[in-house]
file input-v9.txt (compact mmCIF, C-alpha atoms)
# COMPACT_ATOMS: atom_id res chain seq x y z
CA MET A 1 159.40 275.58 220.83
CA PHE A 2 161.75 272.74 219.96
CA GLU A 3 162.80 271.75 216.46
CA VAL A 4 165.51 269.44 215.19
CA GLU A 5 166.15 267.96 211.75
CA LEU A 6 168.09 264.72 211.65
CA ALA A 7 169.38 262.32 209.02
CA ALA A 8 166.97 259.39 208.71
CA VAL A 9 169.47 256.88 210.10
CA PRO A 10 169.35 254.87 213.36
CA GLN A 11 172.38 256.71 214.73
CA SER A 12 170.29 259.89 214.91
CA LEU A 13 168.02 258.47 217.63
CA MET A 14 170.45 259.04 220.50
CA GLU A 15 171.02 262.65 219.39
CA LEU A 16 167.26 263.16 219.18
CA ARG A 17 166.81 261.96 222.77
CA GLN A 18 169.68 264.12 224.02
CA GLU A 19 168.25 267.24 222.38
CA LEU A 20 164.69 266.62 223.54
CA ARG A 21 165.78 265.64 227.05
CA GLY A 22 167.58 268.98 227.31
CA TRP A 23 164.50 270.90 226.18
CA LEU A 24 162.26 268.99 228.61
CA ASP A 25 164.57 269.65 231.56
CA GLN A 26 162.20 272.02 233.34
CA PRO A 27 161.08 271.92 236.96
CA HIS A 28 157.40 271.37 236.19
CA VAL A 29 157.99 268.41 233.86
CA PRO A 30 157.99 265.16 235.89
CA GLY A 31 160.79 262.70 235.15
CA THR A 32 158.38 259.88 234.36
CA VAL A 33 156.68 262.08 231.75
CA VAL A 34 160.08 262.90 230.22
CA ASP A 35 160.83 259.17 230.02
CA ASP A 36 157.53 258.43 228.28
CA LEU A 37 157.98 261.31 225.82
CA LEU A 38 161.50 260.12 224.96
CA LEU A 39 160.11 256.62 224.43
CA ALA A 40 157.29 257.86 222.17
CA VAL A 41 159.50 260.15 220.09
CA THR A 42 162.08 257.40 219.60
CA GLU A 43 159.40 254.93 218.48
CA ALA A 44 157.89 257.43 216.03
CA ALA A 45 161.31 258.40 214.66
CA THR A 46 162.28 254.72 214.39
CA ASN A 47 159.18 254.19 212.29
CA ALA A 48 160.13 257.13 210.09
CA ILE A 49 163.67 255.82 209.67
CA GLU A 50 162.55 252.27 208.88
CA HIS A 51 159.61 253.04 206.64
CA GLY A 52 159.63 256.65 205.61
CA HIS A 53 163.09 257.11 204.16
CA ASP A 54 163.57 257.40 200.45
CA ASP A 55 165.97 255.26 198.47
CA THR A 56 168.59 257.98 198.01
CA GLY A 57 169.74 257.80 201.63
CA GLN A 58 169.17 261.55 201.88
CA GLY A 59 165.98 261.34 203.91
CA THR A 60 165.47 263.44 207.02
CA VAL A 61 163.31 263.26 210.10
CA THR A 62 162.11 266.53 211.60
CA VAL A 63 160.89 266.60 215.19
CA THR A 64 159.11 269.58 216.70
CA ALA A 65 157.75 269.99 220.20
CA SER A 66 155.83 272.63 222.08
CA MET A 67 154.47 272.96 225.57
CA ALA A 68 151.40 274.85 226.74
CA ALA A 69 148.48 274.48 229.13
CA GLY A 70 150.03 271.51 230.87
CA ARG A 71 150.53 269.52 227.71
CA VAL A 72 153.37 268.63 225.37
CA TRP A 73 152.79 268.29 221.62
CA LEU A 74 155.27 266.30 219.55
CA THR A 75 155.40 266.04 215.77
CA VAL A 76 157.64 263.65 213.83
CA VAL A 77 157.74 264.25 210.08
CA ASP A 78 159.78 262.26 207.58
CA SER A 79 160.77 263.53 204.18
CA GLY A 80 160.68 260.25 202.36
CA THR A 81 158.50 258.90 199.66
CA TRP A 82 155.53 257.35 201.34
CA ARG A 83 155.09 253.67 200.81
CA PRO A 84 151.61 252.18 200.98
CA PRO A 85 150.63 251.51 204.58
CA THR A 86 151.03 247.93 205.71
CA PRO A 87 148.99 246.14 208.36
CA GLN A 88 152.11 246.02 210.55
CA PRO A 89 153.42 249.59 210.83
CA THR A 90 156.76 248.46 212.23
CA HIS A 91 158.78 245.33 211.72
CA HIS A 92 157.04 243.54 214.53
CA GLY A 93 154.22 246.04 214.96
CA ARG A 94 155.07 246.95 218.56
CA GLY A 95 156.27 250.52 218.11
CA LEU A 96 153.02 252.34 217.41
CA PRO A 97 150.99 250.51 220.08
CA ILE A 98 153.61 251.68 222.59
CA VAL A 99 153.25 255.26 221.32
CA ARG A 100 149.47 255.12 221.57
CA THR A 101 149.68 253.82 225.13
CA VAL A 102 152.12 256.35 226.57
CA MET A 103 150.62 259.34 224.74
CA ASP A 104 147.11 260.75 225.24
CA GLU A 105 146.58 261.41 221.55
CA THR A 106 148.28 259.99 218.48
CA GLU A 107 147.45 260.76 214.87
CA ILE A 108 149.26 259.53 211.78
CA ARG A 109 148.86 261.40 208.52
CA PRO A 110 150.45 259.87 205.43
CA SER A 111 150.90 262.14 202.43
CA SER A 112 152.76 262.10 199.15
CA GLY A 113 155.63 264.04 200.69
CA GLY A 114 156.13 261.87 203.74
CA THR A 115 154.38 260.84 206.92
CA SER A 116 153.56 263.01 209.91
CA VAL A 117 152.93 261.66 213.38
CA PHE A 118 151.23 264.04 215.81
CA MET A 119 151.25 263.21 219.52
CA ALA A 120 150.07 264.94 222.69
CA ARG A 121 150.62 264.09 226.32
CA SER A 122 149.58 265.70 229.58
CA LEU A 123 152.34 266.69 232.00
CA ASP A 124 150.32 265.06 234.77
CA GLU A 125 152.16 261.90 235.72
CA GLN A 126 149.07 260.62 237.53
CA ARG A 127 146.94 260.78 234.41
CA SER A 128 144.90 257.69 233.78
CA ARG A 129 146.22 255.42 231.11
CA GLU A 130 145.93 251.92 229.92
CA PRO A 131 148.56 249.87 231.73
CA THR A 132 149.43 247.81 228.69
CA CYS A 133 149.29 247.92 224.93
CA PRO A 134 146.46 246.22 223.11
CA THR A 135 147.78 242.88 221.90
CA MET B 1 181.34 258.39 219.70
CA PRO B 2 181.02 256.37 222.91
CA ASP B 3 179.05 253.15 222.78
CA LEU B 4 175.37 253.61 223.45
CA ALA B 5 175.41 250.48 225.57
CA THR B 6 177.92 248.00 226.94
CA PHE B 7 177.39 244.27 227.17
CA HIS B 8 178.91 241.77 229.55
CA ILE B 9 178.48 238.02 229.57
CA GLU B 10 178.93 235.98 232.71
CA HIS B 11 178.83 232.26 233.35
CA THR B 12 177.81 231.11 236.79
CA PRO B 13 177.30 227.51 237.90
CA THR B 14 173.58 227.81 237.35
CA ALA B 15 173.11 230.57 234.80
CA LEU B 16 174.37 232.35 231.72
CA ILE B 17 173.85 236.07 232.13
CA VAL B 18 174.09 238.83 229.53
CA SER B 19 174.17 242.16 231.37
CA VAL B 20 173.34 245.35 229.47
CA ALA B 21 174.16 248.89 230.60
CA GLY B 22 173.18 252.09 228.79
CA GLU B 23 170.66 252.76 226.04
CA VAL B 24 169.24 250.27 223.54
CA ASP B 25 167.48 251.47 220.38
CA LEU B 26 167.39 250.65 216.67
CA SER B 27 171.03 251.73 216.28
CA ASN B 28 172.41 249.00 218.55
CA ALA B 29 169.63 246.41 218.87
CA GLU B 30 171.66 244.21 216.53
CA GLU B 31 174.52 244.41 219.03
CA LEU B 32 172.16 243.22 221.76
CA ASN B 33 171.11 240.42 219.43
CA THR B 34 174.74 239.41 218.83
CA HIS B 35 175.34 239.11 222.58
CA ALA B 36 172.00 237.40 223.12
CA GLN B 37 173.01 234.79 220.56
CA LYS B 38 175.77 233.75 222.95
CA LEU B 39 173.04 232.46 225.24
CA LEU B 40 172.03 230.17 222.40
CA ALA B 41 175.51 229.26 221.25
CA ALA B 42 176.76 228.41 224.71
CA ASP B 43 175.98 225.07 226.23
CA VAL B 44 172.86 226.22 228.00
CA SER B 45 172.10 222.64 229.03
CA THR B 46 174.69 222.95 231.78
CA ALA B 47 173.05 226.08 233.15
CA ALA B 48 169.65 226.36 234.74
CA VAL B 49 168.84 229.80 233.44
CA ALA B 50 169.50 231.93 230.36
CA CYS B 51 169.28 235.47 231.65
CA VAL B 52 169.33 238.99 230.22
CA ASP B 53 169.92 241.55 232.96
CA LEU B 54 168.57 245.01 232.05
CA SER B 55 169.06 246.52 235.53
CA GLU B 56 171.55 249.13 234.25
CA VAL B 57 169.60 250.05 231.11
CA THR B 58 168.65 253.74 230.86
CA PHE B 59 166.63 253.58 227.63
CA PHE B 60 164.75 250.66 226.08
CA ASP B 61 162.13 250.53 223.32
CA SER B 62 160.51 248.19 220.80
CA ALA B 63 163.83 247.56 219.03
CA GLY B 64 165.16 245.87 222.18
CA ILE B 65 161.80 244.26 222.90
CA ASN B 66 161.79 242.65 219.44
CA THR B 67 165.25 241.23 220.11
CA LEU B 68 164.08 239.73 223.41
CA PHE B 69 160.99 238.18 221.79
CA ASP B 70 163.17 236.65 219.06
CA LEU B 71 165.61 235.32 221.65
CA ASN B 72 162.78 233.88 223.74
CA THR B 73 161.37 232.08 220.70
CA ARG B 74 164.73 230.60 219.78
CA LEU B 75 165.53 229.54 223.34
CA ALA B 76 162.11 227.91 223.64
CA ALA B 77 162.68 226.04 220.38
CA ALA B 78 165.91 224.70 221.89
CA GLY B 79 164.05 223.64 225.03
CA HIS B 80 165.33 226.44 227.25
CA SER B 81 163.67 229.35 228.99
CA LEU B 82 164.55 233.02 229.22
CA GLU B 83 164.68 235.13 232.34
CA VAL B 84 164.77 238.92 232.00
CA VAL B 85 165.77 241.06 234.98
CA ALA B 86 164.34 244.59 235.19
CA PRO B 87 163.78 246.32 238.55
CA PRO B 88 160.40 247.94 239.27
CA ASP B 89 160.30 251.57 238.05
CA SER B 90 163.24 251.00 235.70
CA ARG B 91 162.99 252.19 232.10
CA ALA B 92 163.27 248.67 230.76
CA ARG B 93 160.52 247.48 233.13
CA ARG B 94 158.16 250.20 231.94
CA VAL B 95 158.42 249.00 228.34
CA LEU B 96 158.39 245.29 229.23
CA ASP B 97 155.19 245.86 231.23
CA LEU B 98 153.63 247.81 228.33
CA VAL B 99 153.98 244.80 226.03
CA GLN B 100 153.13 242.32 228.82
CA PHE B 101 156.43 240.53 228.40
CA ASP B 102 155.76 238.44 231.51
CA ARG B 103 153.12 236.56 229.54
CA PHE B 104 155.87 235.14 227.33
CA ALA B 105 158.96 234.78 229.55
CA THR B 106 160.05 235.09 233.17
CA LEU B 107 160.40 238.69 234.30
CA THR B 108 162.09 239.31 237.66
CA ASP B 109 163.00 242.37 239.76
CA THR B 110 166.55 241.33 240.59
CA LEU B 111 169.03 238.62 239.74
CA SER B 112 167.92 235.76 241.96
CA ALA B 113 170.35 234.35 244.46
CA SER B 114 170.43 231.09 242.55
CA ASP B 115 171.83 232.89 239.52
CA ASN B 116 174.93 233.93 241.37
call {"tool": "encode", "arguments": {"input": "input-v9.txt", "output": "structure tokens"}}
result
Amino acid sequence: MFEVELAAVPQSLMELRQELRGWLDQPHVPGTVVDDLLLAVTEAATNAIEHGHDDTGQGTVTVTASMAAGRVWLTVVDSGTWRPPTPQPTHHGRGLPIVRTVMDETEIRPSSGGTSVFMARSLDEQRSREPTCPT
Amino acid sequence: MPDLATFHIEHTPTALIVSVAGEVDLSNAEELNTHAQKLLAADVSTAAVACVDLSEVTFFDSAGINTLFDLNTRLAAAGHSLEVVAPPDSRARRVLDLVQFDRFATLTDTLSASDN
């Protein structure tokens, strides 16, 4: 089980990747899967930092991960006041399509206390996947 | 804290090249943008190619992608084209392929001989 709570600021993203990379450093986790997981978690946390933070500057992003049965589950939860969803989830709308493409499952649950992004990905680097994001 | 990425700009007879090494995310995408602007500010008309070399990039995501799309749009408006270098199997290439960047600008495996 992996859990880290970070300040909802862009400078936290590097620390998040360092921590998660360390946790994923296991012989049965292929390097390409690690790279995709680091990409997905950074995109989801970026979304939380850009859109989920509250106006006090005290917002946090909590990332948890677990591994079982050949899969990794990632959860990114922000503490901020949820703003109404917009048609473009990120500034240019490219972050979440990337997440959906590199992960097998992605679910976004907005709530009054913040937004949670749940993601799952097989450890099989040969798993079938769409080569590109929907555009 | 060490810089997440380093940037280097190089003028050759036929190209202006911004080389990036390290990780690019939301925390330093603006820094990439600042260096990319030099491709616009410089007299690109004397160079054949405006190039961003991502060969030494170890992390790249939509923050960097957005910067490249913006740069491509601005270069095109000025009548110039963008070439992005990202070797096959590199982290930058993975993300560039995901968003089909080659539909919008030139994407190459290595710096071409003519750039040097």
call {"tool": "interface_residues", "arguments": {"input": "input-v9.txt", "of": "chain B", "to": "chain A", "cutoff": "10 Å", "atoms": "all atoms listed in the file", "output": "CSV table (one decimal) with C-alpha atoms, in the frame of the given file"}}
result
chain,number,residue,atom,x,y,z
B,4,LEU,CA,175.4,253.6,223.4
B,23,GLU,CA,170.7,252.8,226.0
B,24,VAL,CA,169.2,250.3,223.5
B,25,ASP,CA,167.5,251.5,220.4
B,26,LEU,CA,167.4,250.6,216.7
B,27,SER,CA,171.0,251.7,216.3
B,28,ASN,CA,172.4,249.0,218.6
B,58,THR,CA,168.6,253.7,230.9
B,59,PHE,CA,166.6,253.6,227.6
B,60,PHE,CA,164.8,250.7,226.1
B,61,ASP,CA,162.1,250.5,223.3
B,62,SER,CA,160.5,248.2,220.8
B,63,ALA,CA,163.8,247.6,219.0
B,65,ILE,CA,161.8,244.3,222.9
B,66,ASN,CA,161.8,242.6,219.4
B,69,PHE,CA,161.0,238.2,221.8
B,89,ASP,CA,160.3,251.6,238.0
B,91,ARG,CA,163.0,252.2,232.1
B,94,ARG,CA,158.2,250.2,231.9
B,95,VAL,CA,158.4,249.0,228.3
B,96,LEU,CA,158.4,245.3,229.2
B,97,ASP,CA,155.2,245.9,231.2
B,98,LEU,CA,153.6,247.8,228.3
B,99,VAL,CA,154.0,244.8,226.0
B,100,GLN,CA,153.1,242.3,228.8
call {"tool": "atom_distance", "arguments": {"input": "input-v9.txt", "atom1": "CA of Thr73 (chain B)", "atom2": "CA of Leu40 (chain B)"}}
result
11.0 Å
call {"tool": "atom_distance", "arguments": {"input": "input-v9.txt", "atom1": "CA of Asp3 (chain B)", "atom2": "CA of Ala21 (chain B)"}}
result
10.2 Å
call {"tool": "closest_residue", "arguments": {"input": "input-v9.txt", "among": "B:Ala92, B:Ala50, B:Leu16, B:Leu71", "to": "Thr34 (chain B)", "atoms": "all atoms listed in the file"}}
result
B:Leu71
